[in-house]
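Coordinates as given in entry24.pdb (PDB, C-alpha atoms and all ligand atoms):
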ATOM      1  CA  MET A  22      14.456  -9.287  -0.098
ATOM      2  CA  ASN A  23      13.094  -9.395  -3.635
ATOM      3  CA  ILE A  24      10.434  -6.982  -4.922
ATOM      4  CA  ILE A  25       8.287  -7.506  -8.017
ATOM      5  CA  THR A  26       6.161  -4.563  -9.160
ATOM      6  CA  GLU A  27       3.064  -4.869 -11.320
ATOM      7  CA  PRO A  28       1.058  -1.765 -12.222
ATOM      8  CA  GLN A  29      -2.554  -2.924 -12.422
ATOM      9  CA  GLY A  30      -5.813  -1.631 -13.845
ATOM     10  CA  ASN A  31      -6.669   1.604 -15.609
ATOM     11  CA  PHE A  32      -5.196   3.656 -12.780
ATOM     12  CA  GLY A  33      -1.889   1.780 -12.816
ATOM     13  CA  ALA A  34      -1.928   1.050  -9.098
ATOM     14  CA  ASN A  35       1.258  -0.784  -8.156
ATOM     15  CA  CYS A  36       0.831  -4.269  -6.762
ATOM     16  CA  TYR A  37       4.024  -5.182  -4.912
ATOM     17  CA  MET A  38       5.113  -8.780  -4.439
ATOM     18  CA  VAL A  39       7.765  -8.924  -1.743
ATOM     19  CA  SER A  40       9.578 -12.118  -0.884
ATOM     20  CA  ASP A  41      12.423 -13.416   1.205
ATOM     21  CA  THR A  42      13.686 -16.927   1.935
ATOM     22  CA  ASP A  43      10.836 -17.698   4.324
ATOM     23  CA  ALA A  44       8.223 -14.971   3.801
ATOM     24  CA  ALA A  45       6.058 -13.543   1.038
ATOM     25  CA  VAL A  46       3.971 -10.385   1.215
ATOM     26  CA  LEU A  47       1.541  -8.895  -1.275
ATOM     27  CA  ILE A  48       1.019  -5.153  -0.900
ATOM     28  CA  ASP A  49      -2.084  -3.730  -2.624
ATOM     29  CA  VAL A  50      -3.893  -5.930  -5.129
ATOM     30  CA  PHE A  51      -6.340  -4.577  -7.675
ATOM     31  CA  LYS A  52      -6.547  -7.863  -9.487
ATOM     32  CA  VAL A  53      -5.199 -11.406  -9.178
ATOM     33  CA  THR A  54      -3.275 -11.441 -12.460
ATOM     34  CA  ASP A  55      -1.108 -14.264 -13.826
ATOM     35  CA  LYS A  56       1.865 -12.604 -12.138
ATOM     36  CA  VAL A  57       0.142 -12.573  -8.747
ATOM     37  CA  ARG A  58      -0.963 -16.167  -9.227
ATOM     38  CA  LYS A  59       2.617 -17.187 -10.061
ATOM     39  CA  PHE A  60       3.972 -15.282  -7.045
ATOM     40  CA  ILE A  61       1.590 -17.119  -4.724
ATOM     41  CA  LYS A  62       2.485 -20.455  -6.310
ATOM     42  CA  ASP A  63       6.247 -19.810  -6.290
ATOM     43  CA  ASN A  64       6.132 -18.901  -2.614
ATOM     44  CA  ALA A  65       3.847 -21.673  -1.425
ATOM     45  CA  GLY A  66       5.101 -23.044   1.875
ATOM     46  CA  LYS A  67       6.444 -19.678   3.059
ATOM     47  CA  GLN A  68       4.638 -17.529   5.591
ATOM     48  CA  MET A  69       2.388 -15.268   3.558
ATOM     49  CA  LEU A  70       0.587 -12.019   4.256
ATOM     50  CA  ILE A  71      -1.489  -9.493   2.301
ATOM     51  CA  LEU A  72      -1.361  -5.803   3.184
ATOM     52  CA  ALA A  73      -3.232  -2.771   1.907
ATOM     53  CA  THR A  74      -1.842   0.776   2.098
ATOM     54  CA  HIS A  75      -5.339   2.272   2.077
ATOM     55  CA  ARG A  76      -8.995   1.754   1.300
ATOM     56  CA  HIS A  77      -9.251   2.741  -2.385
ATOM     57  CA  PHE A  78     -10.572   0.231  -4.903
ATOM     58  CA  ASP A  79      -7.551   0.395  -7.191
ATOM     59  CA  HIS A  80      -5.486  -0.978  -4.279
ATOM     60  CA  VAL A  81      -7.910  -3.452  -2.696
ATOM     61  CA  THR A  82     -10.391  -4.934  -5.170
ATOM     62  CA  GLY A  83      -8.262  -8.054  -5.784
ATOM     63  CA  ILE A  84      -7.399  -8.720  -2.147
ATOM     64  CA  TYR A  85     -10.343 -11.014  -1.486
ATOM     65  CA  ASP A  86      -9.349 -13.306  -4.386
ATOM     66  CA  ALA A  87      -5.669 -13.228  -3.367
ATOM     67  CA  ARG A  88      -6.686 -14.191   0.175
ATOM     68  CA  VAL A  89      -8.797 -17.125  -1.042
ATOM     69  CA  LEU A  90      -6.041 -18.323  -3.369
ATOM     70  CA  SER A  91      -3.174 -18.025  -0.862
ATOM     71  CA  GLY A  92      -4.901 -18.548   2.464
ATOM     72  CA  ALA A  93      -2.931 -15.552   3.733
ATOM     73  CA  ALA A  94      -4.263 -13.163   6.356
ATOM     74  CA  VAL A  95      -5.033  -9.566   5.409
ATOM     75  CA  GLY A  96      -4.017  -6.379   7.223
ATOM     76  CA  ILE A  97      -5.059  -2.768   6.594
ATOM     77  CA  GLY A  98      -4.903   0.482   8.552
ATOM     78  CA  ALA A  99      -7.617   0.362  11.224
ATOM     79  CA  LEU A 100      -9.332   3.509   9.976
ATOM     80  CA  ASP A 101      -9.430   2.234   6.385
ATOM     81  CA  ALA A 102     -10.760  -1.272   7.114
ATOM     82  CA  CYS A 103     -14.086  -0.039   5.747
ATOM     83  CA  GLY A 104     -12.545  -0.183   2.246
ATOM     84  CA  LEU A 105     -12.511  -3.989   2.487
ATOM     85  CA  GLU A 106     -15.860  -4.175   4.229
ATOM     86  CA  SER A 107     -17.774  -1.868   1.909
ATOM     87  CA  SER A 108     -17.537  -1.215  -1.814
ATOM     88  CA  GLU A 109     -19.043   2.211  -1.114
ATOM     89  CA  ASP A 110     -16.076   3.147   1.052
ATOM     90  CA  SER A 111     -13.487   1.751  -1.375
ATOM     91  CA  LEU A 112     -15.280   3.720  -4.138
ATOM     92  CA  SER A 113     -15.455   0.568  -6.294
ATOM     93  CA  ALA A 114     -19.256   0.876  -6.353
ATOM     94  CA  ARG A 115     -18.817   4.314  -7.895
ATOM     95  CA  PHE A 116     -16.792   2.747 -10.729
ATOM     96  CA  ALA A 117     -19.255  -0.154 -11.131
ATOM     97  CA  LEU A 118     -16.548  -2.672 -10.186
ATOM     98  CA  ASN A 119     -17.280  -5.967  -8.508
ATOM     99  CA  GLN A 120     -15.730  -6.182  -5.079
ATOM    100  CA  THR A 121     -16.344  -8.998  -2.631
ATOM    101  CA  GLU A 122     -16.657  -7.418   0.793
ATOM    102  CA  PHE A 123     -15.056  -9.107   3.799
ATOM    103  CA  THR A 124     -13.687  -8.344   7.247
ATOM    104  CA  PRO A 125      -9.872  -8.015   7.355
ATOM    105  CA  ASP A 126      -7.863 -10.184   9.765
ATOM    106  CA  TYR A 127      -5.633  -7.451  11.165
ATOM    107  CA  LEU A 128      -6.334  -3.799  11.870
ATOM    108  CA  LEU A 129      -3.033  -1.942  11.799
ATOM    109  CA  ASN A 130      -2.055   1.044  13.892
ATOM    110  CA  ASP A 131       0.884   3.432  13.950
ATOM    111  CA  GLY A 132       4.046   1.796  15.257
ATOM    112  CA  ASP A 133       2.820  -1.777  14.871
ATOM    113  CA  VAL A 134       5.573  -4.158  13.845
ATOM    114  CA  ILE A 135       4.621  -7.220  11.831
ATOM    115  CA  ASN A 136       7.187 -10.006  11.989
ATOM    116  CA  ILE A 137       6.766 -12.519   9.213
ATOM    117  CA  GLY A 138       9.620 -14.943   8.662
ATOM    118  CA  SER A 139      12.794 -12.908   8.375
ATOM    119  CA  LEU A 140      10.900  -9.729   7.447
ATOM    120  CA  SER A 141      10.040  -7.072   9.968
ATOM    121  CA  ILE A 142       7.436  -4.615   8.697
ATOM    122  CA  ARG A 143       6.819  -1.364  10.537
ATOM    123  CA  VAL A 144       3.465   0.386  10.156
ATOM    124  CA  ILE A 145       3.545   4.175   9.822
ATOM    125  CA  HIS A 146       0.108   5.802   9.979
ATOM    126  CA  THR A 147       0.073   8.596   7.398
ATOM    127  CA  PRO A 148      -3.440  10.090   7.165
ATOM    128  CA  GLY A 149      -4.138  12.683   4.467
ATOM    129  CA  HIS A 150      -4.969  10.872   1.226
ATOM    130  CA  THR A 151      -7.419   8.873   3.371
ATOM    131  CA  VAL A 152      -7.785   8.887   7.140
ATOM    132  CA  GLY A 153      -6.471   5.337   7.489
ATOM    133  CA  SER A 154      -3.586   5.457   4.992
ATOM    134  CA  VAL A 155      -0.459   3.684   6.176
ATOM    135  CA  CYS A 156       3.079   3.248   4.868
ATOM    136  CA  PHE A 157       5.032   0.046   5.396
ATOM    137  CA  ALA A 158       8.750   0.232   6.205
ATOM    138  CA  VAL A 159      10.708  -2.974   5.572
ATOM    139  CA  ALA A 160      14.520  -2.946   5.799
ATOM    140  CA  ASN A 161      15.591   0.095   3.718
ATOM    141  CA  VAL A 162      12.344   0.310   1.756
ATOM    142  CA  ILE A 163       9.073   2.166   2.311
ATOM    143  CA  PHE A 164       5.862   1.246   0.518
ATOM    144  CA  SER A 165       4.149   4.615   0.564
ATOM    145  CA  GLY A 166       0.759   3.917  -1.021
ATOM    146  CA  ASP A 167      -0.868   7.136  -2.209
ATOM    147  CA  THR A 168       0.779   9.231   0.515
ATOM    148  CA  LEU A 169       4.005  10.014  -1.356
ATOM    149  CA  PHE A 170       4.854   9.707  -5.042
ATOM    150  CA  ARG A 171       7.952  10.615  -7.008
ATOM    151  CA  GLN A 172       7.758  14.427  -7.113
ATOM    152  CA  SER A 173       4.124  14.349  -6.092
ATOM    153  CA  VAL A 174       1.691  13.443  -3.331
ATOM    154  CA  GLY A 175      -1.732  11.795  -3.188
ATOM    155  CA  ARG A 176      -4.886  13.827  -3.782
ATOM    156  CA  THR A 177      -6.852  14.911  -0.736
ATOM    157  CA  ASP A 178     -10.218  15.716  -2.336
ATOM    158  CA  LEU A 179     -11.749  12.239  -1.912
ATOM    159  CA  PRO A 180     -13.784  11.224   1.180
ATOM    160  CA  THR A 181     -11.728  11.504   4.430
ATOM    161  CA  GLY A 182      -8.933  13.280   2.538
ATOM    162  CA  ASP A 183      -7.277  16.003   4.599
ATOM    163  CA  ARG A 184      -4.567  18.335   3.315
ATOM    164  CA  GLU A 185      -3.353  19.437   6.733
ATOM    165  CA  ALA A 186      -3.096  15.854   7.942
ATOM    166  CA  GLN A 187      -1.178  14.984   4.784
ATOM    167  CA  LYS A 188       1.354  17.745   5.465
ATOM    168  CA  GLU A 189       1.935  16.326   8.938
ATOM    169  CA  SER A 190       2.258  12.799   7.539
ATOM    170  CA  LEU A 191       4.872  13.908   5.013
ATOM    171  CA  LYS A 192       6.779  15.681   7.791
ATOM    172  CA  LYS A 193       6.690  12.430   9.736
ATOM    173  CA  LEU A 194       8.164  10.500   6.794
ATOM    174  CA  PHE A 195      10.838  13.103   6.121
ATOM    175  CA  ALA A 196      11.802  13.091   9.790
ATOM    176  CA  LEU A 197      13.013   9.496   9.412
ATOM    177  CA  THR A 198      16.769   9.670   9.721
ATOM    178  CA  GLU A 199      17.742   6.761   7.488
ATOM    179  CA  ASP A 200      17.372   7.016   3.722
ATOM    180  CA  TYR A 201      14.808   4.722   2.180
ATOM    181  CA  THR A 202      13.900   3.655  -1.309
ATOM    182  CA  VAL A 203      10.254   4.584  -1.721
ATOM    183  CA  TYR A 204       7.889   2.323  -3.648
ATOM    184  CA  PRO A 205       4.740   4.385  -4.198
ATOM    185  CA  GLY A 206       1.172   3.329  -4.966
ATOM    186  CA  HIS A 207       1.513   4.642  -8.526
ATOM    187  CA  ALA A 208       4.414   5.220 -10.938
ATOM    188  CA  GLU A 209       8.114   4.654 -10.396
ATOM    189  CA  PRO A 210      10.163   4.346  -7.206
ATOM    190  CA  THR A 211      12.107   7.176  -5.638
ATOM    191  CA  THR A 212      14.042   7.803  -2.432
ATOM    192  CA  LEU A 213      13.211   9.808   0.663
ATOM    193  CA  SER A 214      16.333  11.944   0.246
ATOM    194  CA  TYR A 215      15.421  12.768  -3.371
ATOM    195  CA  GLU A 216      11.887  13.782  -2.322
ATOM    196  CA  ARG A 217      13.197  15.888   0.562
ATOM    197  CA  SER A 218      15.055  17.957  -2.034
ATOM    198  CA  TYR A 219      12.821  17.869  -5.108
ATOM    199  CA  ASN A 220       9.199  17.168  -4.142
ATOM    200  CA  PRO A 221       7.344  20.383  -5.074
ATOM    201  CA  TYR A 222       4.658  19.773  -2.446
ATOM    202  CA  ILE A 223       7.061  19.902   0.480
TER
HETATM  203 ZN    ZN B   1      -5.859   6.099  -3.308
END
Now, as a test, write the supplied structure out as structure tokens.
Ligand SMILES: [Zn+2]
Amino acid sequence: MNIITEPQGNFGANCYMVSDTDAAVLIDVFKVTDKVRKFIKDNAGKQMLILATHRHFDHVTGIYDARVLSGAAVGIGALDACGLESSEDSLSARFALNQTEFTPDYLLNDGDVINIGSLSIRVIHTPGHTVGSVCFAVANVIFSGDTLFRQSVGRTDLPTGDREAQKESLKKLFALTEDYTVYPGHAEPTTLSYERSYNPYI
């Protein structure tokens, strides 16, 4: 499995481009950049999918364009689907950004397993930053969105944010027995074991 990371936009939201021999997955897209365009082109002919970790504009504004360009289906946590359907709910309207609203193809729930080519992606519902935030576990990697960062966690003061729910979600992640490399929604990767020991919010 190969992972390309591109921090996008003023908020530096990480767009992840994940590929294997027969599958390609985009996780969070603020913008279809040259890199995203190249990824879609390079992986043409593979099974392709677009996923969003949560509803916020810095993670979803480019998904519509990526979907049109690739023809791939789009999945998002069921309770955050509104972020694709409404620029009010993604907060892009608040930042005067253009977002084409559309209905996602898949609504994801806790424990769902998405099999795409040789990749098996497990959905972990982790409410707190938003009510529909999800993490995606693939092999020994977790894409954590704005739930868990290196030595930090996502803010809970935006609509549907919930500090108590976030605590429970972090407990759920830290209860995973295997170690994982964590690719967060912003900034650099980390590992679950490192965060268990050094994350000041735990
Ligand atoms: Zn966010």
Next item on the list: Apply the PyMOL selection byres (((chain A and resi 106) around 6) and not hetatm) to the displayed file and report the matching residues as a ChimeraX atom specification.
Entry: /A:103-105,107,122-124
Margin query: Just to confirm, what's the straight-line distance from atom CA of A:Gly138 to atom CA of A:Pro28 in Å (one decimal)?
Written below: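 Distance between the two atoms: 26.1 Å.
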Checklist line | Test item: residues lying within 10 Å of ligand ZN 1 (chain B) with only C-alpha atoms and all ligand atoms, as a ChimeraX atom specification | finding: /A:32,34,74-81,111-112,150-151,154,166-168,175-177,179,182,206-207
Check: Contacts of A:Gln68 at 9 Å or less, counting only C-alpha atoms, minus same-chain residues fewer than 6 places along, as a PyMOL selection string?
Finding: chain A and resi 43-46+93+137-138
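If you measure from each of A:Ile61, A:Ile135, A:Ile48, A:Val89 to A:Ala73 using only C-alpha atoms, the closest one turns out to be A:Ile48.
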Notebook entry, point to check: Of the candidates A:Arg217, A:Arg88, A:His146, A:Lys56, which one gets nearest to A:Ala186 if we count only C-alpha atoms?
Noted result: A:His146
Next item on the list: For A:Gln172, list every protein, DNA or RNA residue within 9 Å, evaluated using only C-alpha atoms, and leave out those in the same chain fewer than 4 positions away; present the list as a list in words.
Entry: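 My list of contacting residues is Thr211, Tyr215, Glu216, Tyr219, Asn220, Pro221 and Tyr222 of chain A.
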Suppose a student applies the PyMOL selection byres (((chain A and resi 57) around 12) and not hetatm) to this structure; what residues should they get, written as a PDB file with C-alpha atoms, in the frame of the given file?
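Output saved as out.pdb:
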ATOM      1  CA  ILE A  25       8.287  -7.506  -8.017  1.00  0.00           C
ATOM      2  CA  THR A  26       6.161  -4.563  -9.160  1.00  0.00           C
ATOM      3  CA  GLU A  27       3.064  -4.869 -11.320  1.00  0.00           C
ATOM      4  CA  PRO A  28       1.058  -1.765 -12.222  1.00  0.00           C
ATOM      5  CA  GLN A  29      -2.554  -2.924 -12.422  1.00  0.00           C
ATOM      6  CA  ASN A  35       1.258  -0.784  -8.156  1.00  0.00           C
ATOM      7  CA  CYS A  36       0.831  -4.269  -6.762  1.00  0.00           C
ATOM      8  CA  TYR A  37       4.024  -5.182  -4.912  1.00  0.00           C
ATOM      9  CA  MET A  38       5.113  -8.780  -4.439  1.00  0.00           C
ATOM     10  CA  VAL A  39       7.765  -8.924  -1.743  1.00  0.00           C
ATOM     11  CA  ALA A  45       6.058 -13.543   1.038  1.00  0.00           C
ATOM     12  CA  VAL A  46       3.971 -10.385   1.215  1.00  0.00           C
ATOM     13  CA  LEU A  47       1.541  -8.895  -1.275  1.00  0.00           C
ATOM     14  CA  ILE A  48       1.019  -5.153  -0.900  1.00  0.00           C
ATOM     15  CA  ASP A  49      -2.084  -3.730  -2.624  1.00  0.00           C
ATOM     16  CA  VAL A  50      -3.893  -5.930  -5.129  1.00  0.00           C
ATOM     17  CA  PHE A  51      -6.340  -4.577  -7.675  1.00  0.00           C
ATOM     18  CA  LYS A  52      -6.547  -7.863  -9.487  1.00  0.00           C
ATOM     19  CA  VAL A  53      -5.199 -11.406  -9.178  1.00  0.00           C
ATOM     20  CA  THR A  54      -3.275 -11.441 -12.460  1.00  0.00           C
ATOM     21  CA  ASP A  55      -1.108 -14.264 -13.826  1.00  0.00           C
ATOM     22  CA  LYS A  56       1.865 -12.604 -12.138  1.00  0.00           C
ATOM     23  CA  ARG A  58      -0.963 -16.167  -9.227  1.00  0.00           C
ATOM     24  CA  LYS A  59       2.617 -17.187 -10.061  1.00  0.00           C
ATOM     25  CA  PHE A  60       3.972 -15.282  -7.045  1.00  0.00           C
ATOM     26  CA  ILE A  61       1.590 -17.119  -4.724  1.00  0.00           C
ATOM     27  CA  LYS A  62       2.485 -20.455  -6.310  1.00  0.00           C
ATOM     28  CA  ASP A  63       6.247 -19.810  -6.290  1.00  0.00           C
ATOM     29  CA  ASN A  64       6.132 -18.901  -2.614  1.00  0.00           C
ATOM     30  CA  ILE A  71      -1.489  -9.493   2.301  1.00  0.00           C
ATOM     31  CA  GLY A  83      -8.262  -8.054  -5.784  1.00  0.00           C
ATOM     32  CA  ILE A  84      -7.399  -8.720  -2.147  1.00  0.00           C
ATOM     33  CA  ASP A  86      -9.349 -13.306  -4.386  1.00  0.00           C
ATOM     34  CA  ALA A  87      -5.669 -13.228  -3.367  1.00  0.00           C
ATOM     35  CA  ARG A  88      -6.686 -14.191   0.175  1.00  0.00           C
ATOM     36  CA  LEU A  90      -6.041 -18.323  -3.369  1.00  0.00           C
ATOM     37  CA  SER A  91      -3.174 -18.025  -0.862  1.00  0.00           C
TER      38      SER A  91
END
Check: Nearest to A:Ser173: which of A:Leu128, A:Val203, A:Ile223, A:Ile142 is it, counting all atoms listed in the file?
Finding: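 Between A:Leu128, A:Val203, A:Ile223, A:Ile142, the residue approaching A:Ser173 most closely is A:Ile223.
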Next item on the list: Check what the PyMOL selection byres (((chain A and resi 126) around 7) and not hetatm) selects in the file above and give those residues as a list in words.
Entry: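 Selected by the PyMOL selection byres (((chain A and resi 126) around 7) and not hetatm) in this file: Ala94, Val95, Gly96, Thr124, Pro125, Tyr127 and Leu128 of chain A.
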Notebook entry, point to check: atom CA of A:Phe195 and atom CA of A:Thr212 are how many Å apart?
Noted result: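 Atom CA of A:Thr212 lies 10.6 Å from atom CA of A:Phe195.
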Notebook entry, point to check: Of the candidates A:Gln187, A:Thr147, A:Thr198, A:Ser214, which one gets nearest to A:Arg171 if we count only C-alpha atoms?
Noted result: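 So, comparing all the options, the nearest one is A:Ser214.
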Notebook entry, point to check: Just how far from atom CA of A:Ser139 is atom CA of A:Gly33, in Å to one decimal?
Noted result: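 These atoms are spaced 29.7 Å apart.
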Notebook entry, point to check: Looking at only C-alpha atoms, which of A:Ser141, A:Ser165, A:Asn31, A:Asn136 is the one that sits closest to A:Pro210?
Noted result: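 With only C-alpha atoms as the atom set, the closest residue is A:Ser165.
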Next item on the list: Could you give me, as a ChimeraX atom specification, the residues that have an atom at most 6 Å away from the point (15.2, -10.9, -0.9) in the coordinates of the file, using all atoms listed in the file?
Entry: /A:22-23,40-41
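Using all atoms listed in the file, the nearest neighbour of A:Lys193 within the list A:Val174, A:Ala158, A:Ile145, A:Ala117 is A:Ile145.
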Could you write out as JSON the box around stretch 112-128 of chain A (axis-aligned, all atoms listed in the file, 4 Å on each side), with centre and edge lengths in Å to one decimal?
{"center_x": -12.4, "center_y": -2.9, "center_z": 0.4, "size_x": 21.6, "size_y": 22.5, "size_z": 31.0}
Note to self: Residues near A:Val162, anyone? I mean within 9 Å using all atoms listed in the file, not counting same-chain ones fewer than 2 positions away, as a PyMOL selection string.
What the structure shows: chain A and resi 157-160+164+200-204+212
